[in-house]
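One structure below.
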Amino acid sequence: MAKASPSEPVLTLDGIRKSFGSKEILCGVDLSIHRGQIKVLIGPSGAGKSTLLQCINFLVVPDGGRISLEGQPVDPSDRKALCRYRQQVGMIFQDFNLFDHLTALGNVEIGLVRVKKMKRSMARERALAELERVGLARHAHQYPAELSGGQKQRVSIARALALDPKVMLLDEPTSALDPELIGEVHAVIRELGAAGMTMIMATHQIGFARALAQEIIFMENGVIIEQGPPDQILDDAQCQRTREFCAKITELGGHG
Amino acid sequence: MTGEAGFIFNELMPSLLRGLWMSLGLIVPSAVLGFFLGVLAGSCRVYGVRALRWSAHVYVALFRGFPLLVQLYIWYFGLPRLGVYLSPYMASVLGFSLCSGAYHSEYIRGALLSIKKGQVQAAQAIGMTRLQTILHVILPQAVRRALPGCGNEIIYLIKYSSLAYMVTCIELTGEGKIIASATFKYTEVFTVVGIIYLALVSVASWGLGKLEDRLALPGFQYHRA
Amino acid sequence: MNTPLGVLQQSLPYLLQGVWVTLVVVLGSLSLGLLVGLPLAVGQVYGPKPLKRLIGIYVWFFRGIPLLVLLFLFYFGLFPFLHLDLSAFVVAIIVLGSISSAYQSQILRGAILSIPEGQMKAARAIGMSDVQAIRHIILPQAFRLAVPGWSNEYSVLLKDSAVTYALGVAELMARAHHVASRTYQHLVLYLCAGFIFMILTFLGTRALDALHRRVKLRGYS
């Protein structure tokens, strides 16, 4: 689903570097994404995919490099600007991180009420609409502990969508789920893509990635090894390492 | 030396030192007695026959429910009504031991209950007797589980030993009160007294921490407050 | 009518007035302890290093010195030295409250630390400032976790409040002793006081248990 990309990328990363102690996790990553594009990060665990995504909205502060949203560089030391920036970049976590003391509705509502300062009645309406969109309106008043993993992840997607993000970052959204629950989350993500949401997603679900992404990015040891259209990367990669990884992961049943 | 320093070193320190010895004389026997009472009551509550279990429960409920000061007053002022006269020192040691025994028993009980049935079955399966099972399997595990709680209890005992002054057993706090009342130097005296207690408590918790570290085993970790 | 039961019957209303004093001292110091303990806990978890160390010293101080010594130090020493003319009752609440703040800060700190890191991350990810995240996400969860700790803190404070009798606060213990020394019925009066303390402990912890059940989240273990 190749949407026409306006000339300017929505999000640009320039030479992002991050080390923990003496261990270098990201060694200068460049990446840019246009409106409506979907890019999928693949690579072995420890490649730095998750750190990269967390760096993008500064949950992990990069040691170096620059991130720009619609051409505006983000300065993480300006706390107010950072909060505004984060509202525009939705984040979906591997383990959902729903607020345990709030109902599904409360989870979606709180960003609207506290961050966007919306009136509670309006926030409620919007939150219900978002829950409806992920097929959970009936579960609005249940607490996270009463929901299945797939439902939790859909609530967390609704929570992010409620803030009208310009980009969504998805950090292995289905890897903490039982296999039979993966489908419902994939369906929601597919719909988002169809509606034109810009997304960067890390995943091990190769089949899903192939069907969804315009571009697949193979990462290893903190650097991007290769990127390109799914068919090229998955079936006909130039780099030996990419081929090895793709062969292994396809063999392990990464059809999905 | 004259002035403030002279007062502290020439007058205050000798009496506080005397008081400190008295405090230690209260704390050490009470800690030992209290711990054994706790082990006894805790074991009764877990392994005892019905009557024993119930009397241990009642003991713990009463001695944890009554304020320590009330207990001390019962031993010191109340018992004479029944014709039993205890010296201030004896009343204090009795009061401290019985009270802290009740608290210790909680931790001992928790530790004993936390030992899985399989441990006992495994011990029996390799032919251990009941006594051997207790000595070589249950106790080594229970002690490690109970140690942080019991250690805390001993820290509490150090602080609560100051209540002996209320039944006229003149220990550290009492010596301080006497000098302070005579000289009106309450701030100086009780600051020094406070520092001595802080030192006692800090040394004790450091020592208990060391002991816990020495006994530490994988799988028996805990988090110290 | 100087029989044990006669004395008890006559003095019961007088003792029960002491129960009110005891309860005010306990609830007052519990509230003061929360008021001071909450910022201490937040500071100790999220604050800069020097602040953390300072709070650590405060906690060490108030947890390491016996209540009786602190009562004497503040009532006879520090407050008069600062020309503060405070009644024994007020000093009792301040001292018990300060000690309780040290303990409550550690209860809350433990609760905050036991909340998974992801909660903070998710709050930041939807654009909350750290202050908003602490206030709307972390603390509501921490308070729920702290309720059992408070229940324990209440029963400790209740028993400790008997020590304020040393300053002459007319609470339950003081009144029991007062009657006892006039009627020579020490045993029965102290037993009675002890049982009243037990009943108060029981009622208070029951109330906090009920609170715990109320605020407990459905499906949450």
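Each chain in the structure tokens gets a letter, A, B, ..., in the order shown, and its residues are numbered from 1; ligands are numbered from 1 in order too.
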Applying 12 Å and only C-alpha atoms, which residues near C:Arg144 remain after dropping the ones on its own chain fewer than 6 positions away? List them as a PDB file with N, CA and C atoms, in the first residue's frame.
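Result file is around.pdb:
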ATOM      1  N   ASP A 100      -2.048  -0.037  36.152  1.00  0.00           N
ATOM      2  CA  ASP A 100      -2.767  -1.118  36.819  1.00  0.00           C
ATOM      3  C   ASP A 100      -3.922  -0.633  37.693  1.00  0.00           C
ATOM      4  N   HIS A 101      -3.878   0.637  38.096  1.00  0.00           N
ATOM      5  CA  HIS A 101      -4.916   1.123  39.009  1.00  0.00           C
ATOM      6  C   HIS A 101      -6.077   1.770  38.272  1.00  0.00           C
TER       7      HIS A 101
ATOM      8  N   ILE C 107       7.817   2.723  54.354  1.00  0.00           N
ATOM      9  CA  ILE C 107       6.707   1.915  53.844  1.00  0.00           C
ATOM     10  C   ILE C 107       6.370   2.362  52.412  1.00  0.00           C
ATOM     11  N   LEU C 108       6.227   3.685  52.252  1.00  0.00           N
ATOM     12  CA  LEU C 108       5.862   4.218  50.944  1.00  0.00           C
ATOM     13  C   LEU C 108       6.969   4.032  49.922  1.00  0.00           C
ATOM     14  N   ALA C 111       6.802   0.675  48.666  1.00  0.00           N
ATOM     15  CA  ALA C 111       5.652   0.537  47.767  1.00  0.00           C
ATOM     16  C   ALA C 111       5.978   1.129  46.402  1.00  0.00           C
ATOM     17  N   ILE C 112       6.588   2.312  46.404  1.00  0.00           N
ATOM     18  CA  ILE C 112       6.920   2.959  45.123  1.00  0.00           C
ATOM     19  C   ILE C 112       7.907   2.095  44.341  1.00  0.00           C
ATOM     20  N   SER C 114       8.282  -1.004  44.417  1.00  0.00           N
ATOM     21  CA  SER C 114       7.767  -2.285  43.942  1.00  0.00           C
ATOM     22  C   SER C 114       6.853  -2.121  42.731  1.00  0.00           C
ATOM     23  N   ILE C 115       6.604  -0.880  42.328  1.00  0.00           N
ATOM     24  CA  ILE C 115       5.795  -0.671  41.123  1.00  0.00           C
ATOM     25  C   ILE C 115       6.688  -0.834  39.894  1.00  0.00           C
ATOM     26  N   ILE C 137      -0.002   8.333  38.431  1.00  0.00           N
ATOM     27  CA  ILE C 137       0.221   6.921  38.104  1.00  0.00           C
ATOM     28  C   ILE C 137       0.903   6.184  39.260  1.00  0.00           C
ATOM     29  N   ILE C 138       2.002   6.719  39.748  1.00  0.00           N
ATOM     30  CA  ILE C 138       2.787   5.978  40.741  1.00  0.00           C
ATOM     31  C   ILE C 138       2.122   6.003  42.117  1.00  0.00           C
ATOM     32  N   TRP C 150       0.462   0.566  56.793  1.00  0.00           N
ATOM     33  CA  TRP C 150      -0.155   1.553  57.682  1.00  0.00           C
ATOM     34  C   TRP C 150      -0.882   0.878  58.835  1.00  0.00           C
ATOM     35  N   SER C 151      -1.527  -0.222  58.517  1.00  0.00           N
ATOM     36  CA  SER C 151      -2.245  -0.950  59.550  1.00  0.00           C
ATOM     37  C   SER C 151      -1.273  -1.303  60.680  1.00  0.00           C
ATOM     38  N   LEU C 208      -8.850  -0.527  58.796  1.00  0.00           N
ATOM     39  CA  LEU C 208      -7.886  -0.434  57.699  1.00  0.00           C
ATOM     40  C   LEU C 208      -7.999  -1.621  56.744  1.00  0.00           C
ATOM     41  N   ASP C 209      -8.369  -2.794  57.302  1.00  0.00           N
ATOM     42  CA  ASP C 209      -8.615  -3.953  56.434  1.00  0.00           C
ATOM     43  C   ASP C 209      -9.766  -3.664  55.483  1.00  0.00           C
ATOM     44  N   LEU C 211     -10.736  -0.768  54.503  1.00  0.00           N
ATOM     45  CA  LEU C 211     -10.234   0.194  53.521  1.00  0.00           C
ATOM     46  C   LEU C 211      -9.444  -0.546  52.440  1.00  0.00           C
ATOM     47  N   HIS C 212      -8.615  -1.501  52.900  1.00  0.00           N
ATOM     48  CA  HIS C 212      -7.790  -2.262  51.976  1.00  0.00           C
ATOM     49  C   HIS C 212      -8.660  -2.979  50.949  1.00  0.00           C
ATOM     50  N   ARG C 213      -9.750  -3.591  51.443  1.00  0.00           N
ATOM     51  CA  ARG C 213     -10.636  -4.310  50.528  1.00  0.00           C
ATOM     52  C   ARG C 213     -11.316  -3.354  49.563  1.00  0.00           C
ATOM     53  N   ARG C 214     -11.661  -2.169  50.088  1.00  0.00           N
ATOM     54  CA  ARG C 214     -12.338  -1.188  49.247  1.00  0.00           C
ATOM     55  C   ARG C 214     -11.463  -0.706  48.113  1.00  0.00           C
ATOM     56  N   VAL C 215     -10.211  -0.383  48.434  1.00  0.00           N
ATOM     57  CA  VAL C 215      -9.360   0.209  47.398  1.00  0.00           C
ATOM     58  C   VAL C 215      -8.667  -0.845  46.556  1.00  0.00           C
ATOM     59  N   LYS C 216      -8.823  -2.112  46.960  1.00  0.00           N
ATOM     60  CA  LYS C 216      -8.153  -3.164  46.202  1.00  0.00           C
ATOM     61  C   LYS C 216      -8.712  -3.220  44.787  1.00  0.00           C
ATOM     62  N   LEU C 217      -7.821  -3.457  43.841  1.00  0.00           N
ATOM     63  CA  LEU C 217      -8.252  -3.473  42.454  1.00  0.00           C
ATOM     64  C   LEU C 217      -8.766  -4.848  42.103  1.00  0.00           C
ATOM     65  N   TYR C 220      -6.660  -8.119  40.935  1.00  0.00           N
ATOM     66  CA  TYR C 220      -5.270  -7.851  41.283  1.00  0.00           C
ATOM     67  C   TYR C 220      -4.926  -8.713  42.482  1.00  0.00           C
ATOM     68  N   SER C 221      -3.807  -9.410  42.425  1.00  0.00           N
ATOM     69  CA  SER C 221      -3.513 -10.294  43.555  1.00  0.00           C
ATOM     70  C   SER C 221      -2.875  -9.507  44.683  1.00  0.00           C
TER      71      SER C 221
END
- What lies within 12 Å of B:Lys177 using only C-alpha atoms, ignoring chain neighbours under 2 positions off, as an MDAnalysis selection string? (chainID B and resid 12 15:16 19 162 165:166 168 170:175 179:193) or (chainID C and resid 68:73 76:77 166)
- Task: Please determine the contact residues of chain C with respect to chain A at a cut-off of 7 Å, counting only C-alpha atoms, and supply them as a ChimeraX atom specification.
- Result: /C:118-119,121-122,125-129,137,141,217-220
- Taking into account only C-alpha atoms, which residue in the set C:Ile94, C:Val24, C:Leu203, C:Ala193 is nearest to chain B?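 The answer is C:Ala193, which sits nearest to chain B.
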- Task: Show which residues sit within 12 Å of stretch 26-35 of chain B, as a count of residues only. Count only C-alpha atoms, and ignore same-chain residues fewer than 3 positions away.
- Result: 59
- Residues within 9 Å of stretch 161-163 of chain C, only C-alpha atoms, excluding chain neighbours under 6 positions, as a PyMOL selection string: (chain B and resi 67-70+163) or (chain C and resi 22-23+25-26+67-68+71+92-93+96+171-174)
- Message: With distances taken over only C-alpha atoms, which residue among B:Gly3, B:Gly78, B:Gly209, B:Gly127 lies nearest chain C?
- Response: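 With only C-alpha atoms as the atom set, the closest residue is B:Gly78.
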Chain C residues near chain B within 6 Å, closest pair each, using only C-alpha atoms, as JSON lines:
{"residue": "C:Gly64", "atom": "CA", "partner": "B:Leu198", "partner_atom": "CA", "distance": 5.0}
{"residue": "C:Ile65", "atom": "CA", "partner": "B:Gly194", "partner_atom": "CA", "distance": 5.5}
{"residue": "C:Pro66", "atom": "CA", "partner": "B:Lys159", "partner_atom": "CA", "distance": 4.6}
{"residue": "C:Leu73", "atom": "CA", "partner": "B:Phe190", "partner_atom": "CA", "distance": 5.3}
{"residue": "C:Phe76", "atom": "CA", "partner": "B:Tyr186", "partner_atom": "CA", "distance": 5.9}
{"residue": "C:Gly77", "atom": "CA", "partner": "B:Thr187", "partner_atom": "CA", "distance": 4.1}
{"residue": "C:Leu78", "atom": "CA", "partner": "B:Thr187", "partner_atom": "CA", "distance": 5.7}
{"residue": "C:Lys159", "atom": "CA", "partner": "B:Pro67", "partner_atom": "CA", "distance": 4.5}
{"residue": "C:His186", "atom": "CA", "partner": "B:Gly78", "partner_atom": "CA", "distance": 4.9}
{"residue": "C:Leu187", "atom": "CA", "partner": "B:Gly78", "partner_atom": "CA", "distance": 4.0}
{"residue": "C:Gly194", "atom": "CA", "partner": "B:Phe66", "partner_atom": "CA", "distance": 4.9}
{"residue": "C:Met198", "atom": "CA", "partner": "B:Gly65", "partner_atom": "CA", "distance": 5.0}
Please, could you write that set of residues out with C-alpha atoms as an mmCIF file, in the first residue's frame?
data_model
loop_
_atom_site.group_PDB
_atom_site.id
_atom_site.type_symbol
_atom_site.label_atom_id
_atom_site.label_comp_id
_atom_site.auth_asym_id
_atom_site.auth_seq_id
_atom_site.Cartn_x
_atom_site.Cartn_y
_atom_site.Cartn_z
ATOM 1 C CA GLY C 64 17.471 4.856 65.911
ATOM 2 C CA ILE C 65 16.634 6.866 69.027
ATOM 3 C CA PRO C 66 14.140 5.589 71.612
ATOM 4 C CA LEU C 73 14.906 15.821 74.335
ATOM 5 C CA PHE C 76 12.471 19.496 78.163
ATOM 6 C CA GLY C 77 15.369 20.384 75.865
ATOM 7 C CA LEU C 78 14.982 21.562 72.302
ATOM 8 C CA LYS C 159 1.068 1.142 71.793
ATOM 9 C CA HIS C 186 -2.745 -1.516 90.141
ATOM 10 C CA LEU C 187 -3.177 -4.955 88.631
ATOM 11 C CA GLY C 194 -4.122 -3.219 78.310
ATOM 12 C CA MET C 198 -6.037 -4.345 72.407
#
- Query: Which neighbours of A:Ser148 fall inside 12 Å, counting only C-alpha atoms, when residues of the same chain fewer than 2 positions from it are skipped, and could you give them as a ChimeraX atom specification?
  - Reply: /A:96,104,136,139,142-146,150-155,176-178,180-182,184-185 /C:219
- One decimal, Å: what's the distance from atom CA of A:Ser45 over to atom CA of A:Val167, could you say?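 Between atom CA of A:Ser45 and atom CA of A:Val167 the gap works out to 23.6 Å.
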Please, which residues of stretch 47-135 of chain B, numbered as in this document, come out helix (DSSP H, G or I) from DSSP, as a CSV table (one decimal) with N, CA and C atoms, in the first residue's frame?
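Dumped to part-v9.csv:
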chain,number,residue,atom,x,y,z
B,47,TYR,N,3.8,-26.6,65.4
B,47,TYR,CA,3.9,-28.1,65.5
B,47,TYR,C,3.1,-28.6,66.8
B,50,ARG,N,-3.1,-29.4,70.1
B,50,ARG,CA,-4.1,-28.4,70.2
B,50,ARG,C,-4.0,-27.4,71.3
B,51,ALA,N,-3.9,-28.0,72.5
B,51,ALA,CA,-3.9,-27.1,73.7
B,51,ALA,C,-2.7,-26.2,73.8
B,52,LEU,N,-1.5,-26.8,73.4
B,52,LEU,CA,-0.3,-26.1,73.4
B,52,LEU,C,-0.4,-25.0,72.3
B,53,ARG,N,-0.9,-25.3,71.2
B,53,ARG,CA,-1.0,-24.3,70.1
B,53,ARG,C,-1.9,-23.1,70.6
B,54,TRP,N,-3.0,-23.5,71.2
B,54,TRP,CA,-3.9,-22.4,71.7
B,54,TRP,C,-3.2,-21.5,72.7
B,55,SER,N,-2.5,-22.2,73.7
B,55,SER,CA,-2.0,-21.3,74.7
B,55,SER,C,-0.9,-20.4,74.1
B,56,ALA,N,-0.1,-20.9,73.2
B,56,ALA,CA,0.9,-20.1,72.5
B,56,ALA,C,0.2,-18.9,71.8
B,57,HIS,N,-0.9,-19.2,71.1
B,57,HIS,CA,-1.6,-18.2,70.4
B,57,HIS,C,-2.1,-17.1,71.4
B,58,VAL,N,-2.6,-17.5,72.5
B,58,VAL,CA,-3.1,-16.5,73.5
B,58,VAL,C,-1.9,-15.7,74.0
B,59,TYR,N,-0.8,-16.4,74.3
B,59,TYR,CA,0.4,-15.6,74.8
B,59,TYR,C,0.8,-14.6,73.8
B,60,VAL,N,0.9,-14.9,72.6
B,60,VAL,CA,1.3,-14.0,71.6
B,60,VAL,C,0.3,-12.8,71.4
B,61,ALA,N,-1.0,-13.2,71.4
B,61,ALA,CA,-2.0,-12.1,71.2
B,61,ALA,C,-1.9,-11.1,72.3
B,62,LEU,N,-1.8,-11.6,73.6
B,62,LEU,CA,-1.8,-10.7,74.7
B,62,LEU,C,-0.5,-9.8,74.7
B,63,PHE,N,0.7,-10.5,74.5
B,63,PHE,CA,1.9,-9.7,74.7
B,63,PHE,C,2.2,-8.8,73.5
B,64,ARG,N,1.6,-9.1,72.4
B,64,ARG,CA,1.7,-8.2,71.3
B,64,ARG,C,0.7,-7.1,71.3
B,65,GLY,N,-0.4,-7.4,72.0
B,65,GLY,CA,-1.6,-6.5,72.0
B,65,GLY,C,-1.4,-5.4,73.1
B,68,LEU,N,4.0,-2.2,75.7
B,68,LEU,CA,5.1,-2.7,76.6
B,68,LEU,C,5.1,-2.0,77.9
B,69,LEU,N,4.8,-0.7,77.9
B,69,LEU,CA,4.8,0.0,79.2
B,69,LEU,C,3.8,-0.5,80.1
B,70,VAL,N,2.6,-0.9,79.6
B,70,VAL,CA,1.5,-1.5,80.4
B,70,VAL,C,2.0,-2.8,81.0
B,71,GLN,N,2.7,-3.6,80.2
B,71,GLN,CA,3.2,-4.9,80.7
B,71,GLN,C,4.2,-4.6,81.8
B,72,LEU,N,5.1,-3.7,81.6
B,72,LEU,CA,6.1,-3.4,82.7
B,72,LEU,C,5.5,-3.0,84.0
B,73,TYR,N,4.4,-2.2,83.9
B,73,TYR,CA,3.7,-1.7,85.0
B,73,TYR,C,3.0,-2.9,85.7
B,74,ILE,N,2.5,-3.8,84.9
B,74,ILE,CA,1.8,-5.0,85.5
B,74,ILE,C,2.9,-5.7,86.3
B,75,TRP,N,4.0,-6.0,85.8
B,75,TRP,CA,5.1,-6.8,86.5
B,75,TRP,C,5.5,-6.0,87.7
B,76,TYR,N,5.7,-4.7,87.6
B,76,TYR,CA,6.4,-4.0,88.7
B,76,TYR,C,5.4,-3.5,89.7
B,77,PHE,N,4.3,-2.9,89.3
B,77,PHE,CA,3.3,-2.4,90.2
B,77,PHE,C,2.1,-3.3,90.5
B,78,GLY,N,1.8,-4.2,89.5
B,78,GLY,CA,0.7,-5.0,89.7
B,78,GLY,C,0.9,-6.3,90.5
B,79,LEU,N,2.0,-6.9,90.2
B,79,LEU,CA,2.3,-8.2,90.8
B,79,LEU,C,2.3,-8.2,92.3
B,80,PRO,N,2.8,-7.1,92.9
B,80,PRO,CA,2.8,-7.0,94.4
B,80,PRO,C,1.4,-7.2,95.0
B,81,ARG,N,0.4,-6.9,94.2
B,81,ARG,CA,-1.0,-7.1,94.7
B,81,ARG,C,-1.2,-8.6,94.9
B,82,LEU,N,-0.5,-9.4,94.2
B,82,LEU,CA,-0.6,-10.9,94.4
B,82,LEU,C,0.5,-11.4,95.3
B,88,PRO,N,13.2,-3.7,90.2
B,88,PRO,CA,13.0,-3.0,89.0
B,88,PRO,C,13.8,-3.7,87.8
B,89,TYR,N,15.0,-4.2,88.1
B,89,TYR,CA,15.8,-4.9,87.1
B,89,TYR,C,15.0,-6.2,86.6
B,90,MET,N,14.6,-7.0,87.6
B,90,MET,CA,13.9,-8.3,87.3
B,90,MET,C,12.6,-8.0,86.5
B,91,ALA,N,11.9,-7.0,87.0
B,91,ALA,CA,10.6,-6.7,86.3
B,91,ALA,C,10.9,-6.3,84.9
B,92,SER,N,12.0,-5.5,84.7
B,92,SER,CA,12.3,-5.1,83.3
B,92,SER,C,12.7,-6.3,82.4
B,93,VAL,N,13.6,-7.1,82.9
B,93,VAL,CA,14.1,-8.2,82.1
B,93,VAL,C,12.9,-9.2,81.8
B,94,LEU,N,12.1,-9.4,82.8
B,94,LEU,CA,10.9,-10.3,82.6
B,94,LEU,C,10.0,-9.6,81.5
B,95,GLY,N,9.7,-8.3,81.7
B,95,GLY,CA,8.8,-7.7,80.7
B,95,GLY,C,9.4,-7.7,79.3
B,96,PHE,N,10.7,-7.3,79.2
B,96,PHE,CA,11.3,-7.3,77.8
B,96,PHE,C,11.3,-8.7,77.2
B,97,SER,N,11.6,-9.7,78.0
B,97,SER,CA,11.8,-11.0,77.4
B,97,SER,C,10.4,-11.5,76.9
B,98,LEU,N,9.4,-11.4,77.8
B,98,LEU,CA,8.1,-11.9,77.4
B,98,LEU,C,7.5,-11.2,76.2
B,99,CYS,N,7.7,-9.9,76.2
B,99,CYS,CA,7.2,-9.1,75.1
B,99,CYS,C,7.9,-9.4,73.8
B,100,SER,N,9.2,-9.4,73.8
B,100,SER,CA,9.9,-9.6,72.5
B,100,SER,C,9.8,-11.1,72.1
B,101,GLY,N,9.6,-12.0,73.1
B,101,GLY,CA,9.4,-13.4,72.7
B,101,GLY,C,8.1,-13.5,71.8
B,102,ALA,N,7.1,-12.8,72.2
B,102,ALA,CA,5.8,-12.8,71.4
B,102,ALA,C,6.1,-12.4,70.0
B,103,TYR,N,6.9,-11.3,69.8
B,103,TYR,CA,7.2,-10.8,68.5
B,103,TYR,C,8.1,-11.7,67.7
B,104,HIS,N,9.1,-12.3,68.4
B,104,HIS,CA,10.0,-13.2,67.7
B,104,HIS,C,9.2,-14.4,67.2
B,105,SER,N,8.2,-14.9,68.0
B,105,SER,CA,7.5,-16.1,67.6
B,105,SER,C,6.8,-15.9,66.3
B,106,GLU,N,6.4,-14.6,66.0
B,106,GLU,CA,5.7,-14.4,64.7
B,106,GLU,C,6.7,-14.7,63.5
B,107,TYR,N,7.9,-14.3,63.7
B,107,TYR,CA,8.9,-14.5,62.6
B,107,TYR,C,9.2,-16.0,62.5
B,108,ILE,N,9.4,-16.6,63.7
B,108,ILE,CA,9.7,-18.0,63.7
B,108,ILE,C,8.6,-18.8,63.1
B,109,ARG,N,7.4,-18.5,63.4
B,109,ARG,CA,6.2,-19.2,62.9
B,109,ARG,C,6.2,-19.0,61.4
B,110,GLY,N,6.4,-17.8,60.9
B,110,GLY,CA,6.3,-17.6,59.5
B,110,GLY,C,7.4,-18.4,58.8
B,111,ALA,N,8.6,-18.4,59.4
B,111,ALA,CA,9.7,-19.1,58.8
B,111,ALA,C,9.4,-20.6,58.7
B,112,LEU,N,8.9,-21.2,59.8
B,112,LEU,CA,8.6,-22.6,59.8
B,112,LEU,C,7.5,-22.9,58.8
B,113,LEU,N,6.5,-22.1,58.7
B,113,LEU,CA,5.4,-22.3,57.8
B,113,LEU,C,5.9,-22.2,56.3
B,117,LYS,N,6.5,-28.7,52.4
B,117,LYS,CA,6.2,-30.1,52.9
B,117,LYS,C,7.3,-31.1,52.3
B,118,GLY,N,7.6,-30.8,51.0
B,118,GLY,CA,8.5,-31.7,50.3
B,118,GLY,C,9.8,-31.9,51.0
B,119,GLN,N,10.3,-30.8,51.7
B,119,GLN,CA,11.6,-30.9,52.5
B,119,GLN,C,11.5,-31.9,53.5
B,120,VAL,N,10.4,-32.0,54.3
B,120,VAL,CA,10.3,-32.9,55.3
B,120,VAL,C,10.1,-34.3,54.7
B,121,GLN,N,9.3,-34.4,53.7
B,121,GLN,CA,9.2,-35.8,53.0
B,121,GLN,C,10.5,-36.3,52.5
B,122,ALA,N,11.3,-35.4,51.9
B,122,ALA,CA,12.6,-35.8,51.4
B,122,ALA,C,13.5,-36.3,52.5
B,123,ALA,N,13.4,-35.6,53.6
B,123,ALA,CA,14.3,-36.0,54.8
B,123,ALA,C,13.9,-37.3,55.3
B,124,GLN,N,12.5,-37.5,55.4
B,124,GLN,CA,12.1,-38.9,55.8
B,124,GLN,C,12.4,-39.9,54.8
B,125,ALA,N,12.4,-39.6,53.5
B,125,ALA,CA,12.6,-40.5,52.5
B,125,ALA,C,14.1,-41.0,52.5
B,130,ARG,N,12.8,-37.9,63.2
B,130,ARG,CA,12.1,-36.6,63.4
B,130,ARG,C,13.1,-35.6,63.9
B,131,LEU,N,13.9,-35.9,64.9
B,131,LEU,CA,14.8,-35.0,65.4
B,131,LEU,C,15.9,-34.5,64.4
B,132,GLN,N,16.4,-35.5,63.7
B,132,GLN,CA,17.3,-35.2,62.6
B,132,GLN,C,16.7,-34.3,61.6
B,133,THR,N,15.5,-34.5,61.2
B,133,THR,CA,14.8,-33.7,60.2
B,133,THR,C,14.8,-32.2,60.7
B,134,ILE,N,14.4,-32.1,62.0
B,134,ILE,CA,14.3,-30.7,62.6
B,134,ILE,C,15.7,-30.1,62.6
B,135,LEU,N,16.7,-30.8,63.1
B,135,LEU,CA,18.0,-30.2,63.3
B,135,LEU,C,18.7,-29.9,62.0
- One decimal, Å: what's the distance from atom CA of C:Ser98 over to atom CA of C:Pro50, could you say?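 These two atoms are separated by 20.7 Å.
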- Query: Interatomic distance between atom CA of B:Cys44 and atom CA of B:Thr129?
  - Reply: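 Computing the Euclidean distance for atom CA of B:Cys44 and atom CA of B:Thr129 yields 19.3 Å.
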- Write out as an NGL selection string the residues lying within 9 Å of A:Leu13, counting only C-alpha atoms and excluding same-chain residues fewer than 3 positions away. :A and (16 or 29-32 or 56 or 65-68)
Give me a file of those residues, with C-alpha atoms, as a tab-separated table (two decimals), in the first residue's frame.
chain	number	residue	atom	x	y	z
A	16	ILE	CA	21.77	7.87	17.23
A	29	VAL	CA	21.72	4.77	13.55
A	30	ASP	CA	20.18	6.84	10.74
A	31	LEU	CA	16.56	6.40	9.83
A	32	SER	CA	13.77	8.43	8.39
A	56	ILE	CA	13.13	7.72	19.64
A	65	GLY	CA	22.69	11.99	17.49
A	66	ARG	CA	19.63	13.99	16.57
A	67	ILE	CA	15.95	13.27	16.28
A	68	SER	CA	13.59	15.55	14.39
